[in-house]
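Dropping target_22.cif in here (mmCIF, C-alpha atoms):
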```cif
data_run
loop_
_atom_site.label_atom_id
_atom_site.label_comp_id
_atom_site.auth_asym_id
_atom_site.auth_seq_id
_atom_site.Cartn_x
_atom_site.Cartn_y
_atom_site.Cartn_z
CA MET A 779 86.75 96.74 153.43
CA LEU A 780 88.93 96.97 150.35
CA THR A 781 88.70 94.06 147.90
CA VAL A 782 91.65 92.46 146.12
CA ALA A 783 90.77 90.10 143.27
CA LEU A 784 92.93 87.27 141.99
CA ALA A 785 92.70 86.87 138.22
CA GLY A 786 94.64 84.79 135.73
CA LYS A 787 94.43 81.79 133.48
CA PRO A 788 93.60 78.36 134.93
CA ASN A 789 96.32 76.53 136.85
CA ALA A 790 98.47 79.62 137.39
CA GLY A 791 98.26 79.18 141.16
CA LYS A 792 95.43 81.54 142.11
CA SER A 793 93.70 79.06 144.40
CA THR A 794 96.99 78.20 146.10
CA PHE A 795 97.67 81.93 146.59
CA TYR A 796 94.15 82.35 147.99
CA THR A 797 94.54 79.40 150.37
CA ALA A 798 97.93 80.62 151.56
CA ALA A 799 96.70 84.17 152.09
CA THR A 800 93.44 83.26 153.86
CA MET A 801 94.11 79.74 155.21
CA ALA A 802 90.64 78.84 153.95
CA ASP A 803 89.83 75.41 152.55
CA VAL A 804 89.43 75.50 148.76
CA ASP A 805 90.08 73.02 145.98
CA VAL A 806 93.66 73.16 144.73
CA ALA A 807 94.56 70.88 141.83
CA ASN A 808 96.80 70.65 138.79
CA TYR A 809 94.09 70.97 136.16
CA PRO A 810 92.10 73.84 134.60
CA PHE A 811 88.97 75.29 136.22
CA THR A 812 89.58 73.89 139.69
CA THR A 813 87.64 76.97 140.81
CA ILE A 814 84.17 77.44 139.30
CA ASP A 815 82.45 79.73 141.80
CA ALA A 816 84.44 82.66 143.16
CA ASN A 817 85.92 82.20 146.63
CA ARG A 818 85.72 85.13 149.06
CA GLY A 819 87.77 85.37 152.21
CA VAL A 820 89.70 87.71 154.46
CA THR A 821 93.43 88.23 154.19
CA HIS A 822 95.68 91.00 155.50
CA VAL A 823 98.19 93.60 154.47
CA ARG A 824 101.15 94.04 156.76
CA THR A 825 102.53 97.25 158.23
CA ARG A 826 104.52 98.48 161.21
CA CYS A 827 102.33 98.68 164.32
CA PRO A 828 102.57 101.97 166.28
CA CYS A 829 102.89 99.90 169.47
CA LEU A 830 106.59 99.57 168.61
CA ASP A 831 106.88 103.19 169.73
CA ARG A 832 105.62 102.30 173.20
CA ASP A 833 107.17 100.31 176.03
CA GLU A 834 104.89 97.30 175.48
CA ARG A 835 103.28 95.61 172.49
CA CYS A 836 99.57 96.29 172.01
CA GLY A 837 98.39 92.70 172.33
CA ASN A 838 95.94 93.06 169.44
CA GLU A 839 95.15 89.74 167.75
CA ASN A 840 96.23 91.28 164.44
CA CYS A 841 99.61 92.38 165.79
CA HIS A 842 102.48 89.88 165.93
CA ASN A 843 105.19 91.53 167.99
CA GLY A 844 104.83 94.83 166.17
CA LYS A 845 103.89 93.41 162.77
CA ARG A 846 100.38 94.75 162.22
CA TYR A 847 98.03 92.87 159.88
CA VAL A 848 95.11 94.90 158.52
CA PRO A 849 92.19 92.96 157.02
CA VAL A 850 91.17 93.19 153.36
CA GLU A 851 88.85 91.00 151.31
CA LEU A 852 90.40 88.55 148.87
CA LEU A 853 88.43 87.28 145.89
CA ASP A 854 89.58 84.24 143.91
CA VAL A 855 88.01 84.39 140.44
CA ALA A 856 87.91 81.25 138.29
CA GLY A 857 90.54 80.98 135.56
CA LEU A 858 90.17 83.06 132.42
CA VAL A 859 91.08 81.87 128.92
CA PRO A 860 91.60 83.85 125.68
CA GLY A 861 88.20 84.95 124.43
CA ALA A 862 86.76 85.15 127.96
CA HIS A 863 85.05 88.48 127.14
CA GLU A 864 83.11 86.61 124.44
CA GLY A 865 81.97 84.02 126.96
CA LYS A 866 84.61 81.35 126.36
CA GLY A 867 85.21 79.21 129.43
CA LEU A 868 82.27 80.89 131.17
CA GLY A 869 84.38 84.04 130.85
CA ASN A 870 81.63 86.63 131.22
CA GLN A 871 80.47 85.01 134.45
CA PHE A 872 84.01 85.03 135.80
CA LEU A 873 84.74 88.58 134.65
CA ASP A 874 81.54 89.82 136.29
CA GLU A 875 83.00 88.72 139.62
CA LEU A 876 85.67 91.42 139.23
CA THR A 877 83.09 94.22 139.25
CA ASN A 878 83.49 95.16 142.91
CA ALA A 879 87.25 94.67 143.15
CA ASP A 880 89.39 97.68 144.01
CA VAL A 881 92.59 96.18 142.60
CA VAL A 882 93.51 93.03 140.68
CA LEU A 883 96.40 90.62 141.20
CA ASN A 884 97.12 88.95 137.85
CA VAL A 885 98.64 85.63 138.87
CA VAL A 886 101.00 84.44 136.12
CA ASP A 887 102.85 81.13 135.88
CA ALA A 888 106.39 82.51 135.65
CA SER A 889 107.77 79.02 135.06
CA GLY A 890 106.07 78.87 131.65
CA ALA A 891 104.78 75.37 132.47
CA THR A 892 101.13 75.93 131.54
CA ASN A 893 99.77 76.94 128.14
CA ALA A 894 97.17 79.64 127.40
CA GLU A 895 94.32 77.33 128.44
CA GLY A 896 96.05 76.33 131.68
CA GLU A 897 97.12 72.86 130.59
CA PRO A 898 100.49 71.55 131.84
CA VAL A 899 103.37 71.82 129.35
CA GLU A 900 107.15 71.62 129.59
CA VAL A 901 108.76 74.25 131.85
CA GLY A 902 109.72 77.33 129.83
CA SER A 903 107.72 76.38 126.74
CA HIS A 904 105.02 79.03 127.27
CA ASP A 905 105.76 82.77 127.41
CA PRO A 906 104.44 84.26 130.69
CA LEU A 907 104.32 87.70 129.05
CA ASP A 908 101.42 86.46 126.93
CA ASP A 909 99.47 85.89 130.15
CA VAL A 910 100.29 89.37 131.45
CA ASP A 911 98.84 90.94 128.32
CA PHE A 912 95.80 88.76 127.76
CA ILE A 913 94.23 89.22 131.20
CA GLU A 914 94.33 93.00 130.81
CA GLU A 915 92.98 92.73 127.27
CA GLU A 916 90.11 90.46 128.33
CA MET A 917 89.14 92.85 131.13
CA ASP A 918 89.27 95.86 128.80
CA LEU A 919 87.22 94.22 126.05
CA TRP A 920 84.72 92.88 128.59
CA LEU A 921 84.08 96.39 129.88
CA ALA A 922 83.99 97.74 126.31
CA GLY A 923 81.19 95.26 125.62
CA ILE A 924 79.26 96.49 128.66
CA VAL A 925 79.66 100.10 127.47
CA ASP A 926 78.48 99.15 123.97
CA ARG A 927 75.41 97.32 125.25
CA ASN A 928 74.38 100.25 127.43
CA TRP A 929 75.28 103.12 125.10
CA GLU A 930 71.72 103.50 123.84
CA SER A 931 70.67 104.68 127.30
CA VAL A 932 73.34 107.41 127.17
CA GLU A 933 72.09 108.51 123.75
CA ARG A 934 68.52 108.70 125.05
CA LYS A 935 69.59 110.85 127.99
CA SER A 936 71.48 113.17 125.63
CA ARG A 937 68.15 114.41 124.22
CA SER A 938 67.41 116.11 127.52
CA PRO A 939 68.27 119.85 127.68
CA ASP A 940 70.06 119.38 131.02
CA PHE A 941 72.09 116.39 129.81
CA ASP A 942 75.42 115.89 131.60
CA LEU A 943 77.77 113.35 130.00
CA ASP A 944 79.79 112.78 133.19
CA ALA A 945 76.66 111.97 135.17
CA ALA A 946 75.23 109.74 132.42
CA LEU A 947 78.42 107.72 132.13
CA SER A 948 78.70 107.50 135.92
CA ASP A 949 75.18 106.07 136.08
CA MET A 950 76.14 103.50 133.47
CA LEU A 951 79.43 102.55 135.11
CA THR A 952 78.42 102.67 138.78
CA GLY A 953 78.05 98.89 138.85
CA PHE A 954 81.66 98.60 137.73
CA GLY A 955 82.85 100.69 140.66
CA ALA A 956 83.42 103.95 138.76
CA THR A 957 82.40 107.18 140.49
CA GLU A 958 81.54 110.45 138.80
CA TYR A 959 84.95 111.71 139.89
CA ASP A 960 86.58 108.73 138.12
CA VAL A 961 84.59 109.37 134.95
CA THR A 962 85.41 113.09 134.97
CA ALA A 963 89.11 112.35 135.41
CA VAL A 964 89.06 109.80 132.58
CA LEU A 965 87.22 112.10 130.17
CA ARG A 966 89.79 114.82 130.78
CA GLY A 967 92.39 112.60 129.20
CA LEU A 968 90.34 111.56 126.15
CA GLU A 969 89.28 113.20 122.92
CA TYR A 970 85.65 112.47 122.05
CA PRO A 971 82.59 113.98 120.31
CA ASP A 972 80.29 116.16 122.40
CA ASP A 973 77.26 114.27 121.06
CA PRO A 974 77.11 110.65 122.31
CA LYS A 975 75.38 109.67 119.04
CA ALA A 976 78.60 110.57 117.23
CA TRP A 977 80.78 108.27 119.33
CA THR A 978 82.44 105.42 117.43
CA ASP A 979 83.30 101.93 118.62
CA ALA A 980 86.88 103.15 119.03
CA ASP A 981 85.72 106.04 121.25
CA ARG A 982 83.78 103.68 123.49
CA GLU A 983 86.64 101.19 123.67
CA ALA A 984 89.06 103.97 124.62
CA LEU A 985 86.66 105.00 127.39
CA ALA A 986 86.39 101.42 128.65
CA ARG A 987 90.15 100.90 128.72
CA ALA A 988 90.76 104.17 130.57
CA VAL A 989 88.02 103.47 133.14
CA ARG A 990 89.35 99.95 133.73
CA ARG A 991 92.90 101.25 134.25
CA ARG A 992 91.68 103.77 136.78
CA THR A 993 89.23 101.60 138.72
CA LYS A 994 90.83 98.13 138.40
CA PRO A 995 94.62 98.65 138.44
CA ILE A 996 96.75 95.52 138.12
CA VAL A 997 99.73 94.05 139.96
CA VAL A 998 101.41 91.12 138.21
CA VAL A 999 102.25 88.19 140.50
CA ALA A 1000 105.03 86.14 138.87
CA ASN A 1001 104.08 82.90 140.62
CA LYS A 1002 105.98 79.58 140.69
CA VAL A 1003 109.19 81.60 140.67
CA ASP A 1004 110.97 78.77 142.45
CA ALA A 1005 110.48 76.65 139.31
CA ALA A 1006 111.02 79.43 136.75
CA PRO A 1007 113.99 79.52 134.35
CA ASP A 1008 116.74 82.02 135.07
CA GLY A 1009 115.81 85.54 133.98
CA ALA A 1010 112.06 84.84 133.75
CA VAL A 1011 111.06 87.50 136.25
CA GLU A 1012 113.36 90.11 134.73
CA ARG A 1013 111.88 89.43 131.30
CA ILE A 1014 108.35 89.90 132.65
CA ARG A 1015 109.37 93.18 134.28
CA GLU A 1016 110.93 94.43 131.07
CA GLY A 1017 107.80 93.54 129.10
CA THR A 1018 105.21 95.39 131.18
CA ASP A 1019 104.71 98.75 132.85
CA LYS A 1020 102.91 97.16 135.80
CA PRO A 1021 104.40 96.26 139.17
CA VAL A 1022 105.75 92.68 139.08
CA ILE A 1023 106.11 90.69 142.32
CA PRO A 1024 107.95 87.34 142.20
CA ALA A 1025 106.13 84.76 144.30
CA THR A 1026 105.84 81.16 145.33
CA ALA A 1027 102.32 80.60 146.60
CA ASP A 1028 103.19 76.93 147.21
CA GLY A 1029 106.05 78.02 149.43
CA GLU A 1030 103.89 80.45 151.40
CA LEU A 1031 101.21 77.81 151.94
CA ALA A 1032 103.81 75.30 153.12
CA LEU A 1033 105.26 77.84 155.57
CA ARG A 1034 101.88 78.82 157.00
CA ARG A 1035 100.95 75.20 157.55
CA ALA A 1036 104.35 74.46 159.06
CA ALA A 1037 104.07 77.49 161.35
CA ALA A 1038 100.62 76.37 162.48
CA ALA A 1039 102.09 72.95 163.27
CA GLY A 1040 104.97 74.49 165.25
CA VAL A 1041 107.60 73.29 162.78
CA VAL A 1042 108.85 76.73 161.73
CA ASP A 1043 108.91 80.22 163.20
CA TYR A 1044 107.40 82.43 160.49
CA ASP A 1045 105.07 85.40 160.17
CA PRO A 1046 103.50 86.24 156.79
CA GLY A 1047 105.74 88.71 155.00
CA ASP A 1048 108.97 87.68 156.74
CA GLU A 1049 111.90 87.37 154.37
CA SER A 1050 113.07 84.15 156.00
CA PHE A 1051 112.08 81.59 158.65
CA ASP A 1052 113.62 79.39 161.31
CA THR A 1053 113.04 75.67 161.61
CA VAL A 1054 112.13 74.97 165.25
CA GLY A 1055 110.55 71.52 165.08
CA ASP A 1056 111.57 68.05 164.00
CA VAL A 1057 111.50 67.45 160.24
CA SER A 1058 112.32 64.55 157.98
CA ASP A 1059 115.21 64.61 155.52
CA ASP A 1060 112.80 65.27 152.64
CA GLN A 1061 111.11 68.08 154.54
CA ARG A 1062 114.47 69.66 155.37
CA ALA A 1063 115.49 69.51 151.73
CA GLY A 1064 112.25 71.26 150.77
CA LEU A 1065 112.74 73.92 153.43
CA ASP A 1066 116.34 74.47 152.33
CA ALA A 1067 115.19 75.01 148.74
CA LEU A 1068 112.54 77.43 149.97
CA HIS A 1069 115.18 79.30 151.99
CA GLU A 1070 117.18 79.81 148.79
CA SER A 1071 114.17 81.05 146.83
CA MET A 1072 113.17 83.46 149.60
CA ALA A 1073 116.71 84.78 149.88
CA ALA A 1074 116.75 85.48 146.14
CA HIS A 1075 113.34 87.20 146.10
CA GLU A 1076 113.06 88.69 149.61
CA GLY A 1077 110.34 86.32 150.77
CA THR A 1078 107.60 84.23 149.20
CA GLY A 1079 105.99 87.27 147.55
CA VAL A 1080 102.42 86.59 148.72
CA GLN A 1081 102.43 89.30 151.38
CA SER A 1082 104.50 91.59 149.16
CA ALA A 1083 101.91 91.32 146.38
CA LEU A 1084 99.06 92.21 148.73
CA ASN A 1085 101.01 95.14 150.16
CA ALA A 1086 101.96 96.37 146.69
CA ALA A 1087 98.32 96.31 145.66
CA ILE A 1088 96.99 98.23 148.68
CA TYR A 1089 99.79 100.48 149.88
CA ASP A 1090 101.51 101.19 146.56
CA LEU A 1091 98.98 100.91 143.73
CA LEU A 1092 95.93 102.11 145.69
CA ASP A 1093 98.14 104.51 147.69
CA ARG A 1094 96.65 103.75 151.11
CA ILE A 1095 97.88 104.62 154.59
CA THR A 1096 97.00 103.02 157.92
CA ALA A 1097 95.44 105.18 160.64
CA TYR A 1098 94.47 104.12 164.17
CA PRO A 1099 91.52 105.82 165.93
CA VAL A 1100 91.55 105.77 169.75
CA GLN A 1101 89.43 107.22 172.54
CA ASP A 1102 92.21 107.80 175.07
CA ALA A 1103 95.00 109.82 173.45
CA GLY A 1104 97.40 109.13 176.32
CA LYS A 1105 96.99 105.37 176.55
CA TRP A 1106 96.02 104.77 172.89
CA THR A 1107 93.03 102.73 173.98
CA ASP A 1108 89.32 102.40 173.27
CA GLY A 1109 86.63 102.71 175.94
CA THR A 1110 87.35 99.26 177.37
CA GLY A 1111 91.13 99.59 177.55
CA ASN A 1112 92.11 97.80 174.34
CA VAL A 1113 95.33 99.28 172.94
CA LEU A 1114 95.18 100.29 169.25
CA PRO A 1115 92.01 98.28 168.72
CA ASP A 1116 91.30 99.28 165.11
CA ALA A 1117 93.23 100.07 161.95
CA PHE A 1118 91.75 101.77 158.88
CA LEU A 1119 93.15 101.87 155.36
CA LEU A 1120 92.57 105.38 154.00
CA PRO A 1121 93.58 107.08 150.73
CA THR A 1122 96.76 109.15 150.99
CA GLY A 1123 95.75 112.73 151.71
CA SER A 1124 92.91 111.76 154.05
CA THR A 1125 92.08 114.07 156.94
CA PRO A 1126 90.91 113.41 160.52
CA ARG A 1127 87.34 113.99 159.37
CA ASP A 1128 87.80 111.27 156.72
CA LEU A 1129 88.96 108.92 159.47
CA ALA A 1130 85.91 109.87 161.52
CA TYR A 1131 83.62 108.90 158.64
CA ALA A 1132 85.53 105.65 158.18
CA VAL A 1133 84.83 104.77 161.81
CA HIS A 1134 81.10 105.57 161.48
CA SER A 1135 79.02 108.01 159.46
CA ASP A 1136 77.52 109.42 162.69
CA ILE A 1137 81.02 110.10 164.05
CA GLY A 1138 81.85 111.92 160.84
CA GLU A 1139 78.63 113.95 160.87
CA GLY A 1140 79.28 115.04 164.43
CA TYR A 1141 83.01 115.69 163.98
CA LEU A 1142 84.35 118.48 166.19
CA HIS A 1143 88.12 118.12 166.22
CA ALA A 1144 90.95 115.60 166.44
CA VAL A 1145 94.06 115.03 168.56
CA ASP A 1146 97.37 113.61 167.35
CA ALA A 1147 97.92 111.01 170.07
CA ARG A 1148 101.64 110.77 169.41
CA ALA A 1149 102.25 114.49 169.92
CA SER A 1150 99.32 115.07 172.32
CA ARG A 1151 98.17 118.12 170.35
CA ARG A 1152 95.07 119.13 168.47
CA ILE A 1153 95.32 118.92 164.68
CA GLY A 1154 93.34 120.87 162.12
CA GLU A 1155 90.48 119.54 160.06
CA ASP A 1156 92.60 119.81 156.88
CA HIS A 1157 95.62 118.06 158.39
CA GLU A 1158 96.78 115.22 156.13
CA LEU A 1159 97.22 111.94 157.98
CA THR A 1160 100.30 109.81 157.40
CA GLU A 1161 101.11 106.11 157.77
CA GLY A 1162 100.85 104.96 161.38
CA ASP A 1163 99.05 108.02 162.78
CA VAL A 1164 97.19 107.45 166.05
CA VAL A 1165 94.25 109.85 166.32
CA LYS A 1166 91.61 110.67 168.91
CA ILE A 1167 88.39 111.84 167.24
CA VAL A 1168 86.13 114.17 169.22
CA SER A 1169 82.55 114.10 167.95
CA THR A 1170 79.09 115.04 169.16
CA ALA A 1171 78.15 111.45 168.36
CA GLY A 1172 80.51 110.22 171.05
CA PRO A 1173 83.01 107.36 170.74
#
```
Could the structure of this file be written out as structure tokens, please?
Amino acid sequence: MLTVALAGKPNAGKSTFYTAATMADVDVANYPFTTIDANRGVTHVRTRCPCLDRDERCGNENCHNGKRYVPVELLDVAGLVPGAHEGKGLGNQFLDELTNADVVLNVVDASGATNAEGEPVEVGSHDPLDDVDFIEEEMDLWLAGIVDRNWESVERKSRSPDFDLDAALSDMLTGFGATEYDVTAVLRGLEYPDDPKAWTDADREALARAVRRRTKPIVVVANKVDAAPDGAVERIREGTDKPVIPATADGELALRRAAAAGVVDYDPGDESFDTVGDVSDDQRAGLDALHESMAAHEGTGVQSALNAAIYDLLDRITAYPVQDAGKWTDGTGNVLPDAFLLPTGSTPRDLAYAVHSDIGEGYLHAVDARASRRIGEDHELTEGDVVKIVSTAGP
């Protein structure tokens, strides 16, 4: 399962985002370091379910009338403060939690109502762009420190006649989630000495920054947008080259709780909602304000941020393996029972391995269930493909 990590300074709204996205019980409070230990839960990205192309909906528990929700892991890391890579605010402990993340959501207080340490200040008095930059800088310098501390092992390996720099760096960075392919791709874009003993601090820092960009890409979540001054989101977008998603995690959490209580009709990722239950005057005023914010930003942004991280930044597609190509079912008659998030360019054999290594090892051929025709081993799958895998390992 892919892992999305929430990072940011204290009190930016990470725990509220996490609670809204997972509906798990965590501490949410208006003071720094509400979260000490990382929270792990399951959330979902949203896509169009292939059952919309059939006469009836699939009935899968993760499909809401054709809105398909595909599970991913969500990690809520405790708040980071400037100097985190040096251990400030237990920073190294918190940064270590990011090691296994595939992508990072940098949750920023777009309202400018919290300072660099996460303490409440007057709305607009803190520049959210500072928070966009410092999280990336702390992550880069943290990894640079790891590279520095482990560089001696690379130098020792370089004395061997069969020394391979790509392999040595991959061994060192495996714990950070970097593969040999990642390292090779990064080194292609850098200038560096052939001899590791000749590398400077600047060389190692450049390596760390490039590896972090490749293995831990960042989406900026401009949270508390409903309280942000006019133009705040546009200014953030103009000041960074990263995707910026305006969001109100408070609004999403309120909607999910209201939907669970039968007060509103809302599915995560909808751009609006309908009030279907009785509400007080104060509640209606709050819902009206939320309507306005969602209309201005095309929703609450929580689902959009997750989708941007997985489908856009990580460039994933959703594929659906089935056993019966005609009915799109598994062996017990469940329609479209599973959905897998695969890298763009994946083949039917890649899908087979995603289902199970034995299925992949025994791969024979695949059938496009939409077109009812066999597809080649090198065929590139696309979003929403429904595929029957034929393997010696069986279903």
When the PyMOL selection byres ((chain A and resi 834) around 12) is applied to the structure above, which residues does it catch, written out as a PyMOL selection string? chain A and resi 827-833+835-838+843-844+1105-1106+1113-1114
Could you give me, as a list in words, the residues within 7 Å of range 902-912 of chain A, counting only C-alpha atoms and dropping anything in the same chain fewer than 2 positions from it? Pro860, Val886, Asp887, Ala888, Ser889, Gly890, Ala891, Thr892, Asn893, Val899, Glu900, Glu914, Glu915, Glu916, Pro1007, Ile1014 and Gly1017 of chain A
Within 8 Å of Val1054 in chain A, counting only C-alpha atoms, which residues show up once you throw out same-chain ones fewer than 5 positions away? Write them as a list in words, please.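 Residues near the query, excluding close chain neighbours: Gly1040, Val1041, Val1042 and Asp1043 of chain A.
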To test your reading of the syntax: which residues would the PyMOL selection byres ((chain A and resi 895) around 7) return for the file shown? Reply as a PDB file with C-alpha atoms, keeping the file's coordinate frame.
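Wrote expr-v7.pdb, looks like this:
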```
ATOM      1  CA  LYS A 787      94.430  81.790 133.480  1.00  0.00           C
ATOM      2  CA  PRO A 788      93.600  78.360 134.930  1.00  0.00           C
ATOM      3  CA  VAL A 859      91.080  81.870 128.920  1.00  0.00           C
ATOM      4  CA  ASN A 893      99.770  76.940 128.140  1.00  0.00           C
ATOM      5  CA  ALA A 894      97.170  79.640 127.400  1.00  0.00           C
ATOM      6  CA  GLY A 896      96.050  76.330 131.680  1.00  0.00           C
ATOM      7  CA  GLU A 897      97.120  72.860 130.590  1.00  0.00           C
TER       8      GLU A 897
END
```
Could you state which residues are captured by the PyMOL selection byres ((chain A and resi 824) around 9) in this file, as a list in words? His822, Val823, Thr825, Arg826, Cys827, Lys845, Arg846, Tyr847, Val848, Pro1046, Gly1047, Gln1081, Ser1082, Leu1084 and Asn1085 of chain A
